[in-house]
Every structure is written in structure tokens, then in C-alpha cells.
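Trainee: Below is structure.txt; it holds compact mmCIF, C-alpha atoms.
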```
# COMPACT_ATOMS: atom_id res chain seq x y z
CA MET A 1222 61.54 83.84 82.20
CA ASP A 1223 64.29 85.10 79.96
CA SER A 1224 65.52 83.69 76.70
CA GLY A 1225 68.83 84.40 75.07
CA ARG A 1226 72.45 83.45 75.38
CA TRP A 1227 74.13 82.74 78.73
CA ARG A 1228 77.04 84.99 79.58
CA ARG A 1229 79.53 83.27 81.88
CA GLY A 1230 81.45 85.22 84.46
CA ALA A 1231 79.26 88.35 84.30
CA VAL A 1232 80.64 91.16 86.44
CA SER A 1233 78.41 92.29 89.30
CA ARG A 1234 77.03 95.77 88.91
CA GLY A 1235 76.28 96.14 92.61
CA MET A 1236 72.63 95.11 92.41
CA LEU A 1237 72.95 92.01 94.62
CA PRO A 1238 73.97 93.99 97.73
CA LEU A 1239 70.92 96.21 97.19
CA LEU A 1240 68.72 93.11 96.95
CA ALA A 1241 70.22 91.75 100.17
CA LEU A 1242 69.73 95.05 101.97
CA HIS A 1243 66.13 95.31 100.81
CA ALA A 1244 65.37 91.73 101.86
CA VAL A 1245 66.91 92.19 105.31
CA ASN A 1246 64.98 95.42 105.80
CA GLU A 1247 61.68 93.78 104.78
CA TYR A 1248 62.19 90.79 107.07
CA TYR A 1249 63.39 92.93 109.98
CA ARG A 1250 60.12 94.85 110.16
CA LEU A 1251 57.94 91.73 109.94
CA PRO A 1252 56.71 90.21 113.23
CA TRP A 1253 56.70 86.76 111.56
CA LYS A 1254 59.42 85.87 109.07
CA PRO A 1255 58.09 83.78 106.12
CA PRO A 1256 60.62 80.91 105.83
CA VAL A 1257 59.62 79.49 102.43
CA THR A 1258 59.98 82.85 100.70
CA ALA A 1259 63.39 83.30 102.32
CA GLY A 1260 64.40 79.81 101.19
CA LEU A 1261 63.37 80.51 97.59
CA LEU A 1262 65.31 83.79 97.59
CA ALA A 1263 68.40 82.05 98.97
CA ALA A 1264 68.16 79.13 96.52
CA ASN A 1265 67.90 81.34 93.43
CA THR A 1266 70.72 83.60 94.61
CA LEU A 1267 73.07 80.75 95.54
CA ILE A 1268 72.49 79.03 92.19
CA TYR A 1269 73.36 82.27 90.39
CA LEU A 1270 76.48 82.93 92.51
CA ARG A 1271 77.67 79.27 92.41
CA PRO A 1272 79.88 79.36 95.53
CA SER A 1273 82.76 76.88 95.56
CA PHE A 1274 81.09 74.44 97.96
CA LEU A 1275 78.13 74.08 95.56
CA ASP A 1276 79.94 74.34 92.23
CA SER A 1277 80.47 70.59 91.85
CA LEU A 1278 76.83 69.84 92.77
CA LEU A 1279 75.04 72.34 90.53
CA PRO A 1280 74.54 71.60 86.82
CA PHE A 1281 75.60 74.31 84.40
CA VAL A 1282 72.98 76.43 82.71
CA ASP A 1283 73.65 74.71 79.37
CA GLU A 1284 72.26 71.55 80.96
CA VAL A 1285 69.06 73.12 82.31
CA TRP A 1286 67.81 75.57 79.65
CA PHE A 1287 64.07 75.09 79.22
CA ASN A 1288 63.85 73.85 75.64
CA PRO A 1289 60.63 72.04 74.63
CA HIS A 1290 62.34 70.11 71.84
CA LEU A 1291 65.09 68.71 74.10
CA ILE A 1292 62.73 68.01 77.00
CA LEU A 1293 60.36 65.93 74.86
CA LYS A 1294 63.09 64.31 72.78
CA ASN A 1295 65.26 63.23 75.75
CA LYS A 1296 62.54 63.16 78.44
CA ASP A 1297 64.82 65.58 80.29
CA MET A 1298 63.11 66.35 83.62
CA LYS A 1299 66.16 68.26 84.80
CA ARG A 1300 65.44 70.97 82.26
CA PHE A 1301 61.74 70.85 83.11
CA PHE A 1302 62.17 71.54 86.86
CA LEU A 1303 65.54 73.27 87.34
CA SER A 1304 65.35 75.92 84.63
CA VAL A 1305 63.08 77.99 86.90
CA PHE A 1306 65.91 78.59 89.40
CA TYR A 1307 68.55 79.81 86.90
CA HIS A 1308 68.96 83.39 85.67
CA VAL A 1309 70.78 84.94 82.73
CA ASP A 1310 72.41 87.88 84.51
CA GLU A 1311 72.35 89.95 87.68
CA SER A 1312 69.55 92.30 86.63
CA HIS A 1313 67.40 89.31 85.61
CA LEU A 1314 67.91 87.72 89.03
CA VAL A 1315 67.39 90.91 91.06
CA TYR A 1316 64.21 91.93 89.22
CA ASN A 1317 62.68 88.49 89.75
CA MET A 1318 63.76 88.25 93.40
CA MET A 1319 62.37 91.70 94.24
CA SER A 1320 59.05 90.57 92.78
CA LEU A 1321 59.25 87.25 94.65
CA LEU A 1322 59.97 89.04 97.91
CA TRP A 1323 56.85 91.21 97.60
CA LYS A 1324 54.49 88.47 96.38
CA GLY A 1325 55.92 85.71 98.56
CA ILE A 1326 55.63 87.64 101.82
CA GLN A 1327 51.99 88.51 101.14
CA LEU A 1328 50.96 85.04 100.03
CA GLU A 1329 52.88 83.10 102.67
CA THR A 1330 51.64 85.38 105.46
CA SER A 1331 48.03 84.91 104.42
CA MET A 1332 48.21 81.20 103.51
CA GLY A 1333 50.76 79.82 105.93
CA SER A 1334 54.11 78.27 105.03
CA THR A 1335 52.87 74.73 104.32
CA GLU A 1336 50.04 75.84 102.04
CA PHE A 1337 52.32 78.34 100.31
CA ALA A 1338 55.01 75.72 99.69
CA SER A 1339 52.47 73.30 98.20
CA MET A 1340 51.17 76.10 95.97
CA VAL A 1341 54.68 76.87 94.70
CA VAL A 1342 55.26 73.19 93.84
CA ALA A 1343 51.90 72.96 92.07
CA LEU A 1344 52.42 76.21 90.13
CA LEU A 1345 55.92 75.15 89.08
CA GLY A 1346 54.64 71.91 87.58
CA LEU A 1347 51.58 73.52 86.00
CA SER A 1348 53.40 76.51 84.47
CA GLN A 1349 56.20 74.41 82.99
CA GLY A 1350 53.75 71.80 81.75
CA ILE A 1351 51.43 74.35 80.11
CA THR A 1352 54.40 76.10 78.45
CA LEU A 1353 55.57 72.77 77.07
CA LEU A 1354 52.05 71.96 75.83
CA LEU A 1355 51.67 75.38 74.15
CA ALA A 1356 54.99 75.05 72.34
CA LYS A 1357 54.16 71.57 71.08
CA SER A 1358 50.67 72.64 70.01
CA LEU A 1359 52.02 75.57 67.96
CA LEU A 1360 54.37 73.15 66.19
CA VAL A 1361 51.77 70.45 65.50
CA PHE A 1362 48.76 72.59 64.51
CA PHE A 1363 50.43 75.67 63.00
CA ASP A 1364 53.91 74.42 62.07
CA TYR A 1365 55.19 77.31 64.16
CA GLY A 1366 58.18 75.71 65.81
CA ARG A 1367 61.24 77.88 65.47
CA PRO A 1368 60.37 80.81 67.80
CA TYR A 1369 58.95 78.71 70.65
CA TYR A 1370 59.56 74.98 70.26
CA SER A 1371 63.31 75.48 69.87
CA GLU A 1372 63.54 78.43 72.28
CA TYR A 1373 65.97 78.37 75.23
CA ALA A 1374 64.73 80.06 78.40
CA VAL A 1375 65.41 80.21 82.14
CA GLY A 1376 64.09 82.23 85.08
CA PHE A 1377 61.55 82.45 87.87
CA SER A 1378 59.24 84.92 86.12
CA GLY A 1379 56.77 82.34 84.78
CA LEU A 1380 56.12 81.24 88.35
CA LEU A 1381 55.86 84.88 89.43
CA PHE A 1382 53.11 85.49 86.86
CA ALA A 1383 51.22 82.52 88.30
CA MET A 1384 51.66 83.89 91.84
CA LYS A 1385 50.42 87.30 90.69
CA VAL A 1386 47.21 85.69 89.39
CA VAL A 1387 46.63 83.93 92.72
CA LEU A 1388 47.47 87.05 94.75
CA ASN A 1389 45.06 89.30 92.83
CA SER A 1390 42.31 86.74 92.23
CA HIS A 1391 39.89 88.24 94.78
CA SER A 1392 41.02 91.85 94.62
CA GLU A 1393 38.54 94.56 93.66
CA ASN A 1394 41.20 97.30 93.66
CA PHE A 1395 43.14 98.93 90.84
CA THR A 1396 46.89 98.69 90.49
CA ASN A 1397 49.69 100.44 88.61
CA VAL A 1398 51.38 98.28 85.97
CA HIS A 1399 54.35 100.22 84.59
CA GLY A 1400 52.34 103.46 84.61
CA LEU A 1401 49.08 101.92 83.40
CA ILE A 1402 46.19 101.79 85.91
CA VAL A 1403 44.26 98.51 85.53
CA PRO A 1404 42.03 96.32 87.73
CA ALA A 1405 44.30 94.20 89.94
CA ARG A 1406 42.82 90.90 88.75
CA TYR A 1407 43.89 91.73 85.17
CA ALA A 1408 47.35 93.04 86.14
CA ALA A 1409 49.13 89.88 84.99
CA TRP A 1410 47.65 90.15 81.48
CA ALA A 1411 48.59 93.83 81.22
CA GLU A 1412 52.14 93.11 82.38
CA LEU A 1413 52.43 90.22 79.91
CA ILE A 1414 51.68 92.54 76.98
CA LEU A 1415 53.74 95.50 78.19
CA ILE A 1416 56.84 93.43 78.98
CA GLN A 1417 56.67 91.75 75.57
CA MET A 1418 56.44 95.16 73.90
CA PHE A 1419 59.41 96.72 75.69
CA VAL A 1420 61.58 93.64 76.38
CA PRO A 1421 61.05 91.45 73.31
CA ARG A 1422 63.69 88.87 74.21
CA VAL A 1423 61.71 87.56 77.21
CA SER A 1424 59.84 84.27 76.88
CA PHE A 1425 56.27 85.18 75.96
CA LEU A 1426 55.18 81.55 76.12
CA GLY A 1427 56.76 81.07 79.55
CA HIS A 1428 54.92 84.07 80.98
CA LEU A 1429 51.65 83.06 79.32
CA GLY A 1430 52.06 79.55 80.73
CA GLY A 1431 52.47 81.07 84.20
CA ILE A 1432 49.24 83.07 83.91
CA LEU A 1433 47.28 80.06 82.69
CA ALA A 1434 48.81 77.94 85.48
CA GLY A 1435 47.59 80.44 88.08
CA ILE A 1436 44.07 80.38 86.63
CA LEU A 1437 44.04 76.57 86.47
CA TYR A 1438 45.33 76.30 90.05
CA LEU A 1439 42.50 78.52 91.32
CA LYS A 1440 39.92 76.50 89.34
CA LEU A 1441 41.22 73.19 90.70
CA LYS A 1442 41.42 74.51 94.23
CA GLY A 1443 37.89 75.90 94.06
CA SER A 1444 36.40 72.68 92.71
CA TYR A 1445 38.15 70.35 95.18
CA SER A 1446 36.67 70.46 98.69
CA GLY A 1447 38.99 67.94 100.35
CA PRO A 1448 42.42 68.58 101.89
CA ASN A 1449 45.21 69.51 99.52
CA PRO A 1450 47.31 66.32 99.08
CA LEU A 1451 50.46 68.34 98.41
CA THR A 1452 49.91 70.34 101.60
CA THR A 1453 49.45 67.11 103.58
CA ILE A 1454 52.65 65.62 102.14
CA ILE A 1455 54.70 68.76 102.85
CA ARG A 1456 53.27 69.03 106.38
CA GLU A 1457 54.20 65.40 107.12
CA LEU A 1458 57.70 65.83 105.66
CA THR A 1459 58.22 69.01 107.69
CA SER A 1460 57.05 67.28 110.86
CA LEU A 1461 59.39 64.36 110.15
CA LEU A 1462 62.37 66.67 109.62
CA ARG A 1463 61.59 68.66 112.76
CA TRP A 1464 61.26 65.58 115.01
CA PRO A 1465 65.00 65.07 115.68
CA VAL A 1466 65.38 68.79 116.48
CA ARG A 1467 62.43 68.71 118.90
CA PHE A 1468 63.71 65.52 120.52
CA ILE A 1469 67.20 66.96 121.13
CA ARG A 1470 65.77 70.27 122.37
CA ASN A 1471 63.33 68.60 124.79
CA THR A 1472 66.00 66.21 126.06
CA PHE A 1473 68.40 69.09 126.69
CA ARG A 1474 65.76 71.15 128.49
CA LEU A 1475 64.68 68.24 130.73
CA ARG A 1476 68.26 67.43 131.64
CA ARG A 1477 69.03 71.07 132.40
CA ARG A 1478 66.01 71.38 134.68
CA ARG A 1479 66.96 68.25 136.57
CA ILE A 1480 70.52 69.42 137.05
CA LEU A 1481 69.64 72.95 138.12
CA GLY A 1482 66.51 71.97 140.07
CA GLN A 1483 64.42 74.66 138.40
CA GLY A 1484 61.00 74.55 136.75
CA THR A 1485 58.63 77.12 135.39
CA VAL A 1486 56.03 79.38 136.79
CA GLY A 1487 52.76 77.85 135.64
CA GLY A 1488 49.14 78.84 135.60
CA GLY A 1489 46.30 76.49 136.31
CA GLU A 1490 48.00 73.33 135.08
CA ARG A 1491 48.47 70.84 137.90
CA ARG A 1492 50.78 68.43 136.07
CA SER A 1493 54.48 68.86 136.87
CA LEU A 1494 57.71 67.30 135.60
CA SER A 1495 59.27 64.18 137.07
CA GLY A 1496 61.56 65.06 139.96
CA THR A 1497 59.76 68.31 140.81
CA TRP A 1498 56.88 69.47 143.01
CA ARG A 1499 54.59 72.44 142.40
CA CYS A 1500 54.00 75.05 145.06
CA GLN A 1501 50.29 75.65 145.60
CA ALA A 1502 50.88 79.24 146.68
CA CYS A 1503 52.73 80.60 143.63
CA THR A 1504 52.65 77.58 141.18
CA TYR A 1505 56.45 77.48 140.90
CA ASP A 1506 58.00 74.06 140.10
CA ASN A 1507 60.69 73.16 142.63
CA SER A 1508 63.23 70.36 142.79
CA ASP A 1509 62.41 67.33 144.96
CA TRP A 1510 65.54 68.15 146.95
CA LEU A 1511 63.91 71.31 148.34
CA SER A 1512 61.49 71.29 151.30
CA ASN A 1513 60.46 74.94 150.92
CA CYS A 1514 59.38 76.77 147.77
CA GLU A 1515 62.34 78.54 146.18
CA MET A 1516 60.09 81.39 145.07
CA CYS A 1517 57.86 82.26 148.03
CA GLY A 1518 59.08 80.06 150.91
CA THR A 1519 55.93 77.96 151.29
CA SER A 1520 56.60 74.65 153.07
CA ARG A 1521 56.25 71.52 150.96
CA SER A 1522 54.13 69.96 153.69
CA SER A 1523 51.18 72.03 152.53
CA GLU A 1524 51.60 70.45 149.08
CA SER A 1525 51.75 66.89 150.34
CA SER A 1526 48.79 67.33 152.68
CA GLY A 1527 46.48 67.47 149.68
CA PHE A 1528 44.83 70.80 150.57
CA SER A 1529 45.63 73.27 147.82
CA ARG A 1530 44.45 76.21 149.93
CA GLN A 1531 46.56 75.39 152.98
CA VAL A 1532 49.70 77.54 152.77
CA SER A 1533 52.07 79.01 155.26
CA ARG A 1534 51.39 82.37 156.94
CA ARG A 1535 54.49 83.75 155.24
CA SER A 1536 53.21 83.06 151.68
CA ARG A 1537 49.67 84.10 152.56
CA ASP A 1538 50.88 87.50 153.74
CA LEU A 1539 52.68 88.22 150.46
CA SER A 1540 51.00 90.89 148.35
CA LEU A 1541 50.67 90.48 144.59
CA GLU A 1542 53.19 93.27 144.06
CA GLU A 1543 55.73 91.56 146.33
CA LEU A 1544 55.24 88.22 144.58
CA ARG A 1545 55.69 89.92 141.21
CA ARG A 1546 58.84 91.64 142.45
CA ARG A 1547 60.30 88.32 143.61
CA ARG A 1548 59.52 86.68 140.29
CA VAL A 1549 61.17 89.45 138.32
CA GLU A 1550 64.18 89.31 140.66
CA ARG A 1551 64.31 85.51 140.40
CA PHE A 1552 64.31 85.43 136.58
CA GLY A 1553 66.41 88.54 136.04
```
Could the structure of this file be written out as C-alpha cells, please?
Mentor:
Amino acid sequence: MDSGRWRRGAVSRGMLPLLALHAVNEYYRLPWKPPVTAGLLAANTLIYLRPSFLDSLLPFVDEVWFNPHLILKNKDMKRFFLSVFYHVDESHLVYNMMSLLWKGIQLETSMGSTEFASMVVALLGLSQGITLLLAKSLLVFFDYGRPYYSEYAVGFSGLLFAMKVVLNSHSENFTNVHGLIVPARYAAWAELILIQMFVPRVSFLGHLGGILAGILYLKLKGSYSGPNPLTTIIRELTSLLRWPVRFIRNTFRLRRRRILGQGTVGGGERRSLSGTWRCQACTYDNSDWLSNCEMCGTSRSSESSGFSRQVSRRSRDLSLEELRRRRVERFG
């Protein structure tokens, strides 16, 4: 999370193409592509670039700075939630997205997309809420309001600190934090101090709020044995959004099979689609219009007789290698 003054129309220094190249390379080598991490990368980048088709929909950064005084005074939830996805300049965005790419891939791969998405939502709310509470507490108990209560900040780094805590929570290894070797579970604390020393304009309270949010999330998750309600909600929403796509896809496939009179080569499953019959010799689904199996030539009469082992001499004489050859030839 960075604090400071927003510079409009900053000229690209060529870092975004490097980020894109790195992201494509990372995803290309993965057997499974984590979709939530990719979505977060795209959302942050698009908000920074503000393409013309989104320009009228996105609020300007002046409207979403995380400022505890304005959030509490105006009950401004837009600042509370959206400030995470805005960045001051290109280097701020690229540094955060490189970190998100590394942490997100590891966490989403190990947790699954639904669980990872629910964790991101929970950490966002917790980190922003704790930062707000810390700023207000410093004002009320220590009359220390100017540096933190009136501070303007944006960026994804508070959430990244929380993700780092979760990622390293069970690690017994050591890690390198800007040249300093520390136990992985304390890496977030070391980075908090080092970044504040060398980059003083960053939001110390935002990063601290992220670390505390990660610790609180792990405590809550460990003490609650039931299903995660956020995970359940996201899973149901995802299923609801996917239903029209599945319906259209299944309708198209069924119609195509009926038109072309082709099925699939099955295993031990006896159930076949409407308008097809399954050959007992090679388990290929054929159209009702055909009297002989399109794959191996077995007569349909052996299917209708009810004896699964009764097949024609022609199909019985086929070797496994010949049947394999015909299948490969049939499906290209």
C-alpha cells in the first residue's frame, strides 16, 4: 500500500510488457491455470490502464484513496473496498502484481479456486478494517492523528502481506528477505520493517494491518470447524453463473450427436443417449438409423437379443491391435 500524491498520465517505462511476459510464461508452464489469480492480475492492471471502454465506469483515484478520516466521517465504503485495486504508478503496480503472481499461484493451487477466492475476500475486509481501527485508536488514545488518520493510501500490498502470513504459516524453512535470511513464518514482519526503512513513504499502518489480518484469519479458521460460509456462497454463485454455459454446451453437444449419428467410445457404462444404441463388442454408441456397428461391424441383432456376449464372427475375430487401429483411424 502506497501513500503519496497521485500523478495523472504517468508515462510507461516499459515495465508492464515485462509483467505481461512474465505472467504468460508462468501460466504457460503450469498444468492447471489458477483463474482467480489471473482475474486479480487483470483487474488491477485494467484499473491502472483505464481503457476507454472502462473509463466512464471506474471512479478516479481521488474518490477511492483510503483515508480513515473520510471513511468514518462519510461512511464511504467505496474508499474502504476499492482503494486496494488502485496503484500510484507503474512500478508500484508491477511490484505488487509480481508478488501477487507468485503468492497467488501457490495458494490457489494448494487451496483450490473457491477457497482461495473466499480467503481473498476475507483478508480484504479484515486488513482494511484493522487498518481503520489502528488509525482511529492512535487518534483517540494517543492524539496521534496526522501521520495515519489523515493519510491517503492505495495499493494491493496490505493484502499481499496478509497472503504472505497465510502462505508461510506452516513453513519450517528459512527465506531471503531483501538479503536477510529469516525463518519463513516471520518473513512478513522482517519485510515490514525493511520496507519502512528504505521506502518511508509506504503505508506502515496498511502493511501492519495486512499482517494482523493474516494472523486473525488463521486463528478464526483454526477455531471454526464447520464449512467456510464465504466459500459456500462463492461456490454457489460460481455454480449459478456456470449453469447457462453448461446448459448451452450440453444442448449443442446432444444436437450435434443426433445430427451426425455419432456417440462415444465408452467403458463399462451401459447407459446410452436417446436415439443411439451401444455395441456390445466395442462399446461404441451408434445412431438408431444404423443396423451394424459403425466401428467394428457387429450386427445390432446381437444387441437386441439381450445376450451381451453374443457377437458376430467378424467382431469376435478382431484382435485388440486391429480394434485400436480402427478407433484411431475413426477419430483421426
Trainee: Write out as a list of chain:residue names the residues lying within 8 Å of Asn1288 (chain A), counting all atoms listed in the file and excluding same-chain residues fewer than 5 positions away.
Mentor: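 Once the nearby chain positions are removed, what remains is A:Arg1300, A:Tyr1370, A:Ser1371, A:Glu1372, A:Tyr1373, A:Ala1374.
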Trainee: Please produce a file of the residues just selected, as a compact mmCIF listing (two decimals), in the frame of the given file, where the atoms kept are C-alpha atoms.
Mentor:
```
# COMPACT_ATOMS: atom_id res chain seq x y z
CA ARG A 1300 65.44 70.97 82.26
CA TYR A 1370 59.56 74.98 70.26
CA SER A 1371 63.31 75.48 69.87
CA GLU A 1372 63.54 78.43 72.28
CA TYR A 1373 65.97 78.37 75.23
CA ALA A 1374 64.73 80.06 78.40
```
Trainee: Determine, counting all atoms listed in the file, every residue of protein, DNA or RNA that lies within 12 Å of (76.7, 74.7, 90.6) in the file coordinates, then give the result as a PyMOL selection string.
Mentor: chain A and resi 1264-1285+1303+1306-1307
Trainee: So that I have them on file, write out the residues from the current selection with C-alpha atoms, as a PDB file, keeping the file's coordinate frame.
Mentor:
```
ATOM      1  CA  ALA A1264      68.160  79.130  96.520  1.00  0.00           C
ATOM      2  CA  ASN A1265      67.900  81.340  93.430  1.00  0.00           C
ATOM      3  CA  THR A1266      70.720  83.600  94.610  1.00  0.00           C
ATOM      4  CA  LEU A1267      73.070  80.750  95.540  1.00  0.00           C
ATOM      5  CA  ILE A1268      72.490  79.030  92.190  1.00  0.00           C
ATOM      6  CA  TYR A1269      73.360  82.270  90.390  1.00  0.00           C
ATOM      7  CA  LEU A1270      76.480  82.930  92.510  1.00  0.00           C
ATOM      8  CA  ARG A1271      77.670  79.270  92.410  1.00  0.00           C
ATOM      9  CA  PRO A1272      79.880  79.360  95.530  1.00  0.00           C
ATOM     10  CA  SER A1273      82.760  76.880  95.560  1.00  0.00           C
ATOM     11  CA  PHE A1274      81.090  74.440  97.960  1.00  0.00           C
ATOM     12  CA  LEU A1275      78.130  74.080  95.560  1.00  0.00           C
ATOM     13  CA  ASP A1276      79.940  74.340  92.230  1.00  0.00           C
ATOM     14  CA  SER A1277      80.470  70.590  91.850  1.00  0.00           C
ATOM     15  CA  LEU A1278      76.830  69.840  92.770  1.00  0.00           C
ATOM     16  CA  LEU A1279      75.040  72.340  90.530  1.00  0.00           C
ATOM     17  CA  PRO A1280      74.540  71.600  86.820  1.00  0.00           C
ATOM     18  CA  PHE A1281      75.600  74.310  84.400  1.00  0.00           C
ATOM     19  CA  VAL A1282      72.980  76.430  82.710  1.00  0.00           C
ATOM     20  CA  ASP A1283      73.650  74.710  79.370  1.00  0.00           C
ATOM     21  CA  GLU A1284      72.260  71.550  80.960  1.00  0.00           C
ATOM     22  CA  VAL A1285      69.060  73.120  82.310  1.00  0.00           C
ATOM     23  CA  LEU A1303      65.540  73.270  87.340  1.00  0.00           C
ATOM     24  CA  PHE A1306      65.910  78.590  89.400  1.00  0.00           C
ATOM     25  CA  TYR A1307      68.550  79.810  86.900  1.00  0.00           C
TER      26      TYR A1307
END
```
Trainee: Please determine, counting all atoms listed in the file, which residue among A:Ile1416, A:Cys1514, A:Met1332, A:Met1318 has the shortest atom-to-atom distance to Phe1377 (chain A).
Mentor: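 When distances to Phe1377 (chain A) are compared using all atoms listed in the file, the smallest one comes from A:Met1318.
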Trainee: Quick one: pull the distance between CA of Met1340 (chain A) and CA of His1428 (chain A), Å, one decimal.
Mentor: 17.4 Å
Trainee: Of the candidates A:Leu1426, A:Leu1360, A:Val1341, A:Ile1436, which one gets nearest to Lys1324 (chain A) if we count only C-alpha atoms?
Mentor: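 Looking at the shortest contact to Lys1324 (chain A), the residue is A:Val1341.
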Trainee: What lies within 12 Å of Pro1238 (chain A) using only C-alpha atoms, ignoring chain neighbours under 5 positions off, as a PDB file with C-alpha atoms, in the frame of the given file?
Mentor:
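Okay, around.pdb is ready:
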```pdb
ATOM      1  CA  SER A1233      78.410  92.290  89.300  1.00  0.00           C
ATOM      2  CA  HIS A1243      66.130  95.310 100.810  1.00  0.00           C
ATOM      3  CA  ALA A1244      65.370  91.730 101.860  1.00  0.00           C
ATOM      4  CA  VAL A1245      66.910  92.190 105.310  1.00  0.00           C
ATOM      5  CA  THR A1266      70.720  83.600  94.610  1.00  0.00           C
ATOM      6  CA  GLU A1311      72.350  89.950  87.680  1.00  0.00           C
ATOM      7  CA  VAL A1315      67.390  90.910  91.060  1.00  0.00           C
TER       8      VAL A1315
END
```
Trainee: What gap, in Å, lies between CA of Arg1406 (chain A) and CA of Ala1383 (chain A)?
Mentor: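 Straight-line distance from CA of Arg1406 (chain A) to CA of Ala1383 (chain A) works out to 11.9 Å.
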Trainee: Given the choices A:Val1386, A:Ala1259, A:Met1319, A:Met1298, which gets closest to Leu1239 (chain A) if the distance is worked out from all atoms listed in the file?
Mentor: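 The shortest atom-to-atom distance to Leu1239 (chain A) comes from A:Met1319.
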Trainee: So the first atom is CA of Gln1501 (chain A) and the second is CA of Leu1544 (chain A); what is the distance between them in Å, to one decimal place?
Mentor: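 About the pair CA of Gln1501 (chain A) and CA of Leu1544 (chain A): they are 13.5 Å apart.
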Trainee: Residues near Glu1412 (chain A), anyone? I mean within 9 Å using all atoms listed in the file, not counting same-chain ones fewer than 6 positions away, as a VMD selection string.
Mentor: chain A and resid 1382 1398 to 1399
Trainee: With C-alpha atoms kept, could you save the residues just selected as a compact mmCIF listing (two decimals), keeping the file's coordinate frame?
Mentor:
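The resulting file, selection-v7.txt, is reproduced below:
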```
# COMPACT_ATOMS: atom_id res chain seq x y z
CA PHE A 1382 53.11 85.49 86.86
CA VAL A 1398 51.38 98.28 85.97
CA HIS A 1399 54.35 100.22 84.59
```
Trainee: Kindly list the centre and edge lengths in Å, rounded to one decimal, for the axis-aligned box that covers all listed atoms of region 1247-1266 of chain A plus 6 Å on each of its six sides, as lines of an AutoDock Vina configuration file.
Mentor:
```
center_x = 63.7
center_y = 87.0
center_z = 103.3
size_x = 26.0
size_y = 27.7
size_z = 31.8
```
Trainee: Residues near Gln1349 (chain A), anyone? I mean within 9 Å using only C-alpha atoms, not counting same-chain ones fewer than 5 positions away, as a ChimeraX atom specification.
Mentor: /A:1287,1301-1302,1305,1344,1354,1379-1380,1427,1430-1431,1434
Trainee: Nearest to Glu1393 (chain A): which of A:Ala1405, A:Ile1326, A:Leu1462, A:Leu1511 is it, counting all atoms listed in the file?
Mentor: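 Result for the nearest residue to Glu1393 (chain A): A:Ala1405.
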Trainee: Taking all atoms listed in the file into account, name the residue in A:Leu1355, A:Val1375, A:Val1257, A:Ala1343 that is nearest to Ser1304 (chain A).
Mentor: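 Of all the options, A:Val1375 lies closest to Ser1304 (chain A).
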Trainee: Go through A:Thr1352, A:Trp1286, A:Val1387, A:Ala1241 and flag the residue nearest Lys1440 (chain A), using all atoms listed in the file for the distances.
Mentor: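 Among the listed residues, the smallest separation from Lys1440 (chain A) belongs to A:Val1387.
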Trainee: Rebuild region 1383-1395 of chain A to N, CA, C and O atoms - output it as a PDB file, in the coordinates of the input, please.
Mentor:
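Contents of the output file out_22.pdb:
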```pdb
ATOM      1  N   ALA A1383      52.237  83.378  87.696  1.00  0.00           N
ATOM      2  CA  ALA A1383      51.220  82.520  88.300  1.00  0.00           C
ATOM      3  C   ALA A1383      50.874  83.000  89.710  1.00  0.00           C
ATOM      4  O   ALA A1383      49.698  83.036  90.099  1.00  0.00           O
ATOM      5  N   MET A1384      51.889  83.382  90.490  1.00  0.00           N
ATOM      6  CA  MET A1384      51.660  83.890  91.840  1.00  0.00           C
ATOM      7  C   MET A1384      50.887  85.199  91.817  1.00  0.00           C
ATOM      8  O   MET A1384      50.051  85.465  92.687  1.00  0.00           O
ATOM      9  N   LYS A1385      51.148  86.035  90.807  1.00  0.00           N
ATOM     10  CA  LYS A1385      50.420  87.300  90.690  1.00  0.00           C
ATOM     11  C   LYS A1385      48.924  87.045  90.456  1.00  0.00           C
ATOM     12  O   LYS A1385      48.059  87.738  91.006  1.00  0.00           O
ATOM     13  N   VAL A1386      48.608  86.044  89.638  1.00  0.00           N
ATOM     14  CA  VAL A1386      47.210  85.690  89.390  1.00  0.00           C
ATOM     15  C   VAL A1386      46.526  85.255  90.684  1.00  0.00           C
ATOM     16  O   VAL A1386      45.408  85.678  90.986  1.00  0.00           O
ATOM     17  N   VAL A1387      47.204  84.411  91.459  1.00  0.00           N
ATOM     18  CA  VAL A1387      46.630  83.930  92.720  1.00  0.00           C
ATOM     19  C   VAL A1387      46.473  85.087  93.704  1.00  0.00           C
ATOM     20  O   VAL A1387      45.440  85.216  94.378  1.00  0.00           O
ATOM     21  N   LEU A1388      47.481  85.941  93.791  1.00  0.00           N
ATOM     22  CA  LEU A1388      47.470  87.050  94.750  1.00  0.00           C
ATOM     23  C   LEU A1388      46.325  88.029  94.474  1.00  0.00           C
ATOM     24  O   LEU A1388      45.682  88.528  95.394  1.00  0.00           O
ATOM     25  N   ASN A1389      46.062  88.298  93.193  1.00  0.00           N
ATOM     26  CA  ASN A1389      45.060  89.300  92.830  1.00  0.00           C
ATOM     27  C   ASN A1389      43.704  88.709  92.470  1.00  0.00           C
ATOM     28  O   ASN A1389      42.826  89.426  91.982  1.00  0.00           O
ATOM     29  N   SER A1390      43.519  87.413  92.711  1.00  0.00           N
ATOM     30  CA  SER A1390      42.310  86.740  92.230  1.00  0.00           C
ATOM     31  C   SER A1390      41.031  87.291  92.851  1.00  0.00           C
ATOM     32  O   SER A1390      39.981  87.291  92.215  1.00  0.00           O
ATOM     33  N   HIS A1391      41.090  87.743  94.102  1.00  0.00           N
ATOM     34  CA  HIS A1391      39.890  88.240  94.780  1.00  0.00           C
ATOM     35  C   HIS A1391      39.942  89.747  95.018  1.00  0.00           C
ATOM     36  O   HIS A1391      39.142  90.277  95.779  1.00  0.00           O
ATOM     37  N   SER A1392      40.870  90.420  94.379  1.00  0.00           N
ATOM     38  CA  SER A1392      41.020  91.850  94.620  1.00  0.00           C
ATOM     39  C   SER A1392      40.042  92.647  93.759  1.00  0.00           C
ATOM     40  O   SER A1392      39.839  92.361  92.575  1.00  0.00           O
ATOM     41  N   GLU A1393      39.440  93.650  94.369  1.00  0.00           N
ATOM     42  CA  GLU A1393      38.540  94.560  93.660  1.00  0.00           C
ATOM     43  C   GLU A1393      39.212  95.911  93.408  1.00  0.00           C
ATOM     44  O   GLU A1393      38.574  96.831  92.891  1.00  0.00           O
ATOM     45  N   ASN A1394      40.482  96.038  93.772  1.00  0.00           N
ATOM     46  CA  ASN A1394      41.200  97.300  93.660  1.00  0.00           C
ATOM     47  C   ASN A1394      41.824  97.464  92.274  1.00  0.00           C
ATOM     48  O   ASN A1394      41.832  96.539  91.452  1.00  0.00           O
ATOM     49  N   PHE A1395      42.374  98.657  92.056  1.00  0.00           N
ATOM     50  CA  PHE A1395      43.140  98.930  90.840  1.00  0.00           C
ATOM     51  C   PHE A1395      44.619  98.979  91.202  1.00  0.00           C
ATOM     52  O   PHE A1395      44.986  99.261  92.346  1.00  0.00           O
TER      53      PHE A1395
END
```
